[in-house]
Amino acid sequence: MGKRIILGAVAILLVIAAAYAAFYVAPEERTMGLIQRIFYFHVGSAWAGLLAFFVCFIGNLMYVWKREPKYDWLGVGGAEVGLVFTTVVLITGPIWAHPVWGIWWTWDARLTSTFVLWLLYVSYLLLRTLVEEPGRRALLSALFGIFAFIDVPLVFGAIRWWRTQHPSPVIMGGPGSGLDPTMRKVLFFSGLAMCVLMAFLIAERYMLEKMRSEVDILRREAEAQ
Amino acid sequence: MKNLDSVFAAYLIGWGVFFLFYVSIAKRTADLRDEVERLKNSLQRAK
Amino acid sequence: MSLLSNTAILLGKELRTEFRSRELLTTTAVFILIVLVLFSFAINPGTEEARQFAPGLLWLAILFASSLMFQSCFLREQSNDTLSALRLAVSDPFAIFLAKLIANTLFLLLTELLMLPFFAVFYNIPLWSKLPVLILVLFVGSLGISIAGTAISAISAQARMRELLLPLLLLPLLTPVLVVSSLVTGSLLDREPIVQWKGIEFLAVFDLIFLTALWLFGEYLLEE
């Protein structure tokens with residue numbers, strides 16, 4: 001319990017520090033001005049989201065191998081938290097795009113891939129609601145989670161290739177579009193802050209799931225009497 | 001400063017999403033904790 | 001090799017079962033036709049823009065049709081619990097998947113080939129000269145759809161709302177296939193046709209990756 005509170009406190013401090021850095025340490029971008037500062041929040045969240053889905057993937061693999069419920073808890077924690085961060089990416093993207101391009105959505109490669117990623121893990125969670133028995137639910141969602149995660153690089157690759165054939169406005173500049181060194185440091189710091197926040201949220205979600213399974217066991221004991 | 005409200009909106013909504021998620025977990029955890037207490041008490045009484 | 005002979009036997013069973021009634025083939029073919037016709041009401045076929053949309057619409061129709069076709073894949077093994085019988089009959093459970101996915105690929109390819117003439121006529125696209133490469137693209141794409149579809153069918157058969165769940169799980173997974181297949185088919189059927197070998201290779205890689213995953217994890221999909 002104490003460890004989680006410390007993790008939470010560190011997460012909040014880092015997030016506030018990263019926001020400060022995004023506004024006061026990072027230099028202003030030449031063409032876009034102030035709106036570009038969303039970049040640090042947006043990209044940081046994207047990295048944290050992907051890492052959360054990777055945690056889910058590891059949980060899935062471990063569950064299929066060891067069949068211990070705690071890996072299922074890790075899986076659902078990673079998936080939900082990843083979904084939260086991915087939602088933030090999908091919201092901040094259009095908020096950035098609108099002042100700059102005048103449109104909300106440009107079917108930009110990374111944002112489109114992120115949307116498919118979002119759909120994949122929404123399906124993961126929906127699958128879980130449709131299987132009642134906990135053991136079967138854990139196994140089936142772990143297996144789908146594995147298929148979903150190995151699909152991720154294929155989704156990003158396919159959509160990126162699609163976009164080279166039919167170019168469109170790129171949100172937040174293409175990869176390697178020349179990042180100023182200070183900007184790069186602020187970006188990594190933002191990423192770090194988001195990842196610590198992610199770790200904290202996964203820990204909390206894990207404990208919730210653990211408690212839920214305890215309640216299930218107690219409930220069954222109570223009914224048996 | 002142009003676009004200041006957009007930047008604010010982005011950060012506010014973003015933090016809002018994280019905050020709501022955390023609050024929802026905290027609430028559900030608290031509810032479950034009460035449920036655990038309730039169940040443990042009723043099991044004790046039944047014994 | 002035991003796996004190959006088991007697969008061959010099971011494949012024979014799958015093909016015989018289907019060709020006895022041909023219900024899956026006919027209903028899927030008619031469904032693709034219906035979707036193609038409905039698309040025509042949404043866009044205006046025969047114009048130059050429609051010609052650009054046509055390859056994407058074809059693959060969309062194939063995807064929708066496949067999410068119906070794969071419903072019965074593992075559901076039909078639930079009545080009379082034939083799945084247990086299958087599992088006991090083979091030493092390697094992967095044979096069951098291999099047989100089903102090969103059968104599914106064949107069925108899908110067959111319905112696509114049946115649909116091609118209609119597609120060519122509705123959208124005014126000459127296909128004949130590019131037929132070999134087109135069939136190759138249809139094959140690599142359909143193989144990917146079948147591999148993923150067979151795996152997801154095994155999952156959704158064990159859940160509630162399986163008719164809705166199967167497309168829900170399958171379609172996001174198949175986004176790479178839809179994107180790349182449409183692109184390659186589009187380039188192929190263009191006024192100045194180009195064969196995008198990079199795309200075909202990508203589809204082959206997709207197939208290989210998912211086949212490997214199914215090989216590694218398939219047995220857990222069939223657990224009691």
# chains A, B, ... in the order shown; residues from 1 in each chain; ligands from 1
>>> residues_around(residues="Trp96 (chain A)", least_positions_apart="6", cutoff="10 Å", atoms="only C-alpha atoms", output="VMD selection string")
(chain A and resid 32 35 to 39 42 102 to 105 171 to 172) or (chain B and resid 3 6 to 7 9 to 10)
>>> residues_around(residues="region 35-46 of chain B", least_positions_apart="4", cutoff="7 Å", atoms="only C-alpha atoms", output="JSON, numbers by chain")
{"A": [215, 218, 219, 222], "B": [31]}
>>> write_last_selection(atoms="N, CA and C atoms", output="compact mmCIF listing (two decimals), in the first residue's frame")
# COMPACT_ATOMS: atom_id res chain seq x y z
N VAL A 215 -13.31 -11.02 -3.55
CA VAL A 215 -14.75 -10.91 -3.28
C VAL A 215 -15.49 -12.10 -3.88
N LEU A 218 -14.98 -15.05 -1.63
CA LEU A 218 -15.76 -14.91 -0.39
C LEU A 218 -17.25 -15.12 -0.67
N ARG A 219 -17.69 -14.56 -1.80
CA ARG A 219 -19.11 -14.70 -2.15
C ARG A 219 -19.49 -16.16 -2.32
N ALA A 222 -19.76 -17.74 0.97
CA ALA A 222 -20.98 -17.35 1.67
C ALA A 222 -22.18 -18.10 1.13
N ASP B 31 -15.58 0.43 -2.74
CA ASP B 31 -16.80 -0.36 -2.68
C ASP B 31 -16.49 -1.82 -2.42
>>> interface_residues(of="chain C", to="chain A", cutoff="10 Å", atoms="only C-alpha atoms", output="PyMOL selection string")
chain C and resi 148+151-152+154-156+158-162+165-184+198-199+202-203+205-206+209-210+213-214+217-218+220-221+223-224
>>> write_last_selection(atoms="C-alpha atoms", output="PDB file, in the first residue's frame")
ATOM      1  CA  ALA C 148      -6.949 -15.003 -38.324  1.00  0.00           C
ATOM      2  CA  ALA C 151      -8.312 -18.540 -34.693  1.00  0.00           C
ATOM      3  CA  ILE C 152     -10.931 -15.938 -33.785  1.00  0.00           C
ATOM      4  CA  ALA C 154     -12.313 -20.722 -32.003  1.00  0.00           C
ATOM      5  CA  ILE C 155     -12.335 -17.882 -29.464  1.00  0.00           C
ATOM      6  CA  SER C 156     -15.778 -16.458 -30.174  1.00  0.00           C
ATOM      7  CA  GLN C 158     -16.685 -20.055 -26.476  1.00  0.00           C
ATOM      8  CA  ALA C 159     -18.211 -16.666 -25.629  1.00  0.00           C
ATOM      9  CA  ARG C 160     -21.654 -15.078 -25.547  1.00  0.00           C
ATOM     10  CA  MET C 161     -22.989 -13.044 -28.478  1.00  0.00           C
ATOM     11  CA  ARG C 162     -20.662 -14.945 -30.741  1.00  0.00           C
ATOM     12  CA  LEU C 165     -18.205 -10.937 -31.312  1.00  0.00           C
ATOM     13  CA  LEU C 166     -16.484 -12.635 -34.233  1.00  0.00           C
ATOM     14  CA  PRO C 167     -16.442  -9.585 -36.546  1.00  0.00           C
ATOM     15  CA  LEU C 168     -15.695  -7.357 -33.550  1.00  0.00           C
ATOM     16  CA  LEU C 169     -12.530  -9.305 -32.815  1.00  0.00           C
ATOM     17  CA  LEU C 170     -11.592 -10.170 -36.390  1.00  0.00           C
ATOM     18  CA  LEU C 171     -12.011  -6.934 -38.324  1.00  0.00           C
ATOM     19  CA  PRO C 172      -9.594  -4.719 -36.344  1.00  0.00           C
ATOM     20  CA  LEU C 173      -7.073  -7.559 -36.503  1.00  0.00           C
ATOM     21  CA  LEU C 174      -7.372  -7.682 -40.296  1.00  0.00           C
ATOM     22  CA  THR C 175      -6.848  -3.968 -40.927  1.00  0.00           C
ATOM     23  CA  PRO C 176      -3.369  -4.578 -42.393  1.00  0.00           C
ATOM     24  CA  VAL C 177      -4.826  -7.085 -44.861  1.00  0.00           C
ATOM     25  CA  LEU C 178      -7.596  -4.722 -45.929  1.00  0.00           C
ATOM     26  CA  VAL C 179      -5.242  -1.774 -46.356  1.00  0.00           C
ATOM     27  CA  VAL C 180      -2.496  -3.569 -48.264  1.00  0.00           C
ATOM     28  CA  SER C 181      -4.738  -5.831 -50.365  1.00  0.00           C
ATOM     29  CA  SER C 182      -6.849  -2.882 -51.516  1.00  0.00           C
ATOM     30  CA  LEU C 183      -3.739  -0.924 -52.391  1.00  0.00           C
ATOM     31  CA  VAL C 184      -2.130  -3.740 -54.354  1.00  0.00           C
ATOM     32  CA  LYS C 198       6.279  -5.101 -51.683  1.00  0.00           C
ATOM     33  CA  GLY C 199       2.612  -5.287 -50.778  1.00  0.00           C
ATOM     34  CA  PHE C 202       3.842  -7.802 -46.704  1.00  0.00           C
ATOM     35  CA  LEU C 203       0.721  -9.954 -46.966  1.00  0.00           C
ATOM     36  CA  VAL C 205       4.674 -11.886 -43.895  1.00  0.00           C
ATOM     37  CA  PHE C 206       1.301 -11.249 -42.228  1.00  0.00           C
ATOM     38  CA  ILE C 209       3.333 -14.358 -38.504  1.00  0.00           C
ATOM     39  CA  PHE C 210      -0.247 -15.330 -37.762  1.00  0.00           C
ATOM     40  CA  ALA C 213       1.148 -17.649 -33.644  1.00  0.00           C
ATOM     41  CA  LEU C 214      -1.642 -20.125 -34.352  1.00  0.00           C
ATOM     42  CA  PHE C 217      -0.966 -21.133 -29.233  1.00  0.00           C
ATOM     43  CA  GLY C 218      -3.605 -23.091 -31.117  1.00  0.00           C
ATOM     44  CA  TYR C 220      -4.849 -23.582 -25.868  1.00  0.00           C
ATOM     45  CA  LEU C 221      -7.723 -22.353 -28.009  1.00  0.00           C
ATOM     46  CA  GLU C 223      -8.794 -26.472 -24.264  1.00  0.00           C
ATOM     47  CA  GLU C 224     -11.770 -27.795 -22.412  1.00  0.00           C
TER      48      GLU C 224
END
>>> residues_around(residues="region 15-20 of chain A", least_positions_apart="6", cutoff="12 Å", atoms="only C-alpha atoms", output="number ranges by chain")
A: 8-9, 26, 37-42, 44-45, 183, 185-198; B: 7-8, 10-12, 14-15, 18
>>> select_by_dssp(residues="chain A", states="helix (DSSP H, G or I)", output="NGL selection string")
:A and (2-25 or 34-66 or 69-101 or 109-129 or 134-165 or 181-224)
>>> atom_distance(atom1="CA of Arg205 (chain A)", atom2="CA of Ala21 (chain A)")
28.7 Å
>>> residues_around(residues="Ala65 (chain C)", least_positions_apart="5", cutoff="7 Å", atoms="only C-alpha atoms", output="PyMOL selection string")
chain C and resi 28+31-32
>>> residues_around(residues="Val17 (chain B)", least_positions_apart="3", cutoff="9 Å", atoms="only C-alpha atoms", output="NGL selection string")
(:A and (84-85 or 87-88)) or (:B and (12-14 or 20-22))
>>> write_last_selection(atoms="C-alpha atoms", output="PDB file, in the first residue's frame")
ATOM      1  CA  VAL A  84      -6.854   5.416 -21.342  1.00  0.00           C
ATOM      2  CA  PHE A  85      -3.527   6.736 -22.628  1.00  0.00           C
ATOM      3  CA  THR A  87      -7.750   7.814 -25.754  1.00  0.00           C
ATOM      4  CA  VAL A  88      -5.758  10.844 -24.641  1.00  0.00           C
TER       5      VAL A  88
ATOM      6  CA  LEU B  12      -6.981  19.843 -19.189  1.00  0.00           C
ATOM      7  CA  ILE B  13      -8.903  17.144 -21.045  1.00  0.00           C
ATOM      8  CA  GLY B  14      -5.892  14.838 -20.924  1.00  0.00           C
ATOM      9  CA  LEU B  20     -11.519  10.282 -13.937  1.00  0.00           C
ATOM     10  CA  PHE B  21      -9.944   6.874 -14.556  1.00  0.00           C
ATOM     11  CA  TYR B  22      -8.132   6.987 -11.227  1.00  0.00           C
TER      12      TYR B  22
END
>>> atom_distance(atom1="CA of Ile125 (chain C)", atom2="CA of Phe64 (chain C)")
22.0 Å
>>> residues_around(residues="region 95-102 of chain C", least_positions_apart="5", cutoff="8 Å", atoms="only C-alpha atoms", output="list in words")
Leu3, Leu4, Asn6, Thr7, Ala8, Leu10, Leu11, Glu14, Cys73, Leu86, Arg87, Val90, Leu143, Ser146, Ile147, Thr150, Ala151, Leu214 and Gly218 of chain C
>>> residues_around(residues="Thr106 (chain A)", least_positions_apart="3", cutoff="12 Å", atoms="only C-alpha atoms", output="list of chain:residue names")
A:Leu90, A:Gly93, A:Pro94, A:Ile95, A:Trp96, A:Ala97, A:His98, A:Val100, A:Trp101, A:Gly102, A:Ile103, A:Ala109, A:Arg110, A:Leu111, A:Thr112, A:Arg163, A:His166, A:Pro167, A:Ser168, A:Pro169, A:Val170, A:Ile171, A:Met172
>>> atom_distance(atom1="CA of Leu58 (chain C)", atom2="CA of Gly144 (chain C)")
15.9 Å
>>> decode(residues="region 32-66 of chain A", atoms="N, CA and C atoms", output="CSV table (one decimal), in the first residue's frame")
chain,number,residue,atom,x,y,z
A,32,MET,N,4.6,26.7,-35.7
A,32,MET,CA,3.3,26.5,-35.1
A,32,MET,C,3.1,27.3,-33.9
A,33,GLY,N,4.2,27.7,-33.2
A,33,GLY,CA,4.0,28.5,-32.0
A,33,GLY,C,3.5,27.7,-30.8
A,34,LEU,N,2.6,28.3,-30.1
A,34,LEU,CA,2.2,27.7,-28.8
A,34,LEU,C,1.6,26.3,-28.9
A,35,ILE,N,0.8,26.1,-30.0
A,35,ILE,CA,0.0,24.9,-30.1
A,35,ILE,C,0.9,23.6,-30.1
A,36,GLN,N,2.2,23.8,-30.6
A,36,GLN,CA,3.1,22.7,-30.7
A,36,GLN,C,3.4,22.1,-29.3
A,37,ARG,N,3.2,22.8,-28.2
A,37,ARG,CA,3.5,22.3,-26.9
A,37,ARG,C,2.7,21.1,-26.5
A,38,ILE,N,1.5,20.9,-27.2
A,38,ILE,CA,0.7,19.7,-27.0
A,38,ILE,C,1.5,18.4,-27.3
A,39,PHE,N,2.5,18.6,-28.2
A,39,PHE,CA,3.4,17.5,-28.7
A,39,PHE,C,3.9,16.7,-27.6
A,40,TYR,N,4.4,17.3,-26.5
A,40,TYR,CA,5.1,16.6,-25.4
A,40,TYR,C,4.1,15.7,-24.7
A,41,PHE,N,2.9,16.2,-24.5
A,41,PHE,CA,1.9,15.5,-23.8
A,41,PHE,C,1.4,14.3,-24.7
A,42,HIS,N,1.1,14.7,-26.0
A,42,HIS,CA,0.6,13.7,-26.9
A,42,HIS,C,1.5,12.6,-27.2
A,43,VAL,N,2.8,12.8,-27.5
A,43,VAL,CA,3.7,11.8,-27.8
A,43,VAL,C,4.1,11.0,-26.5
A,44,GLY,N,4.2,11.7,-25.4
A,44,GLY,CA,4.5,11.0,-24.1
A,44,GLY,C,3.4,10.0,-23.8
A,45,SER,N,2.1,10.4,-24.0
A,45,SER,CA,1.0,9.5,-23.8
A,45,SER,C,1.1,8.3,-24.7
A,46,ALA,N,1.4,8.6,-26.0
A,46,ALA,CA,1.5,7.5,-27.0
A,46,ALA,C,2.5,6.4,-26.5
A,47,TRP,N,3.7,6.8,-26.1
A,47,TRP,CA,4.7,5.9,-25.6
A,47,TRP,C,4.2,5.1,-24.4
A,48,ALA,N,3.6,5.8,-23.5
A,48,ALA,CA,3.1,5.1,-22.2
A,48,ALA,C,2.0,4.1,-22.6
A,49,GLY,N,1.1,4.5,-23.5
A,49,GLY,CA,0.1,3.6,-24.0
A,49,GLY,C,0.6,2.3,-24.6
A,50,LEU,N,1.6,2.5,-25.5
A,50,LEU,CA,2.2,1.3,-26.1
A,50,LEU,C,2.9,0.4,-25.1
A,51,LEU,N,3.6,1.1,-24.1
A,51,LEU,CA,4.2,0.3,-23.1
A,51,LEU,C,3.2,-0.4,-22.2
A,52,ALA,N,2.1,0.2,-21.9
A,52,ALA,CA,1.0,-0.4,-21.2
A,52,ALA,C,0.5,-1.7,-21.9
A,53,PHE,N,0.3,-1.6,-23.2
A,53,PHE,CA,-0.1,-2.7,-24.0
A,53,PHE,C,0.9,-3.8,-24.0
A,54,PHE,N,2.2,-3.4,-23.9
A,54,PHE,CA,3.2,-4.4,-23.9
A,54,PHE,C,3.2,-5.1,-22.5
A,55,VAL,N,2.9,-4.4,-21.4
A,55,VAL,CA,2.7,-5.0,-20.1
A,55,VAL,C,1.5,-6.0,-20.2
A,56,CYS,N,0.5,-5.6,-20.9
A,56,CYS,CA,-0.7,-6.5,-21.1
A,56,CYS,C,-0.2,-7.8,-21.8
A,57,PHE,N,0.6,-7.6,-22.9
A,57,PHE,CA,1.1,-8.7,-23.7
A,57,PHE,C,1.9,-9.7,-22.8
A,58,ILE,N,2.8,-9.2,-22.0
A,58,ILE,CA,3.6,-10.0,-21.1
A,58,ILE,C,2.7,-10.8,-20.1
A,59,GLY,N,1.7,-10.1,-19.6
A,59,GLY,CA,0.7,-10.7,-18.7
A,59,GLY,C,0.0,-11.8,-19.4
A,60,ASN,N,-0.4,-11.6,-20.7
A,60,ASN,CA,-1.1,-12.6,-21.5
A,60,ASN,C,-0.2,-13.8,-21.7
A,61,LEU,N,1.0,-13.6,-22.1
A,61,LEU,CA,2.0,-14.7,-22.3
A,61,LEU,C,2.2,-15.5,-21.0
A,62,MET,N,2.4,-14.8,-19.9
A,62,MET,CA,2.6,-15.5,-18.6
A,62,MET,C,1.4,-16.2,-18.2
A,63,TYR,N,0.2,-15.7,-18.5
A,63,TYR,CA,-1.0,-16.4,-18.0
A,63,TYR,C,-1.1,-17.7,-18.8
A,64,VAL,N,-0.9,-17.7,-20.1
A,64,VAL,CA,-1.1,-18.9,-20.9
A,64,VAL,C,-0.1,-19.9,-20.5
A,65,TRP,N,1.1,-19.4,-20.0
A,65,TRP,CA,2.2,-20.4,-19.6
A,65,TRP,C,1.9,-20.9,-18.2
A,66,LYS,N,1.6,-20.0,-17.2
A,66,LYS,CA,1.6,-20.4,-15.8
A,66,LYS,C,0.1,-20.5,-15.3
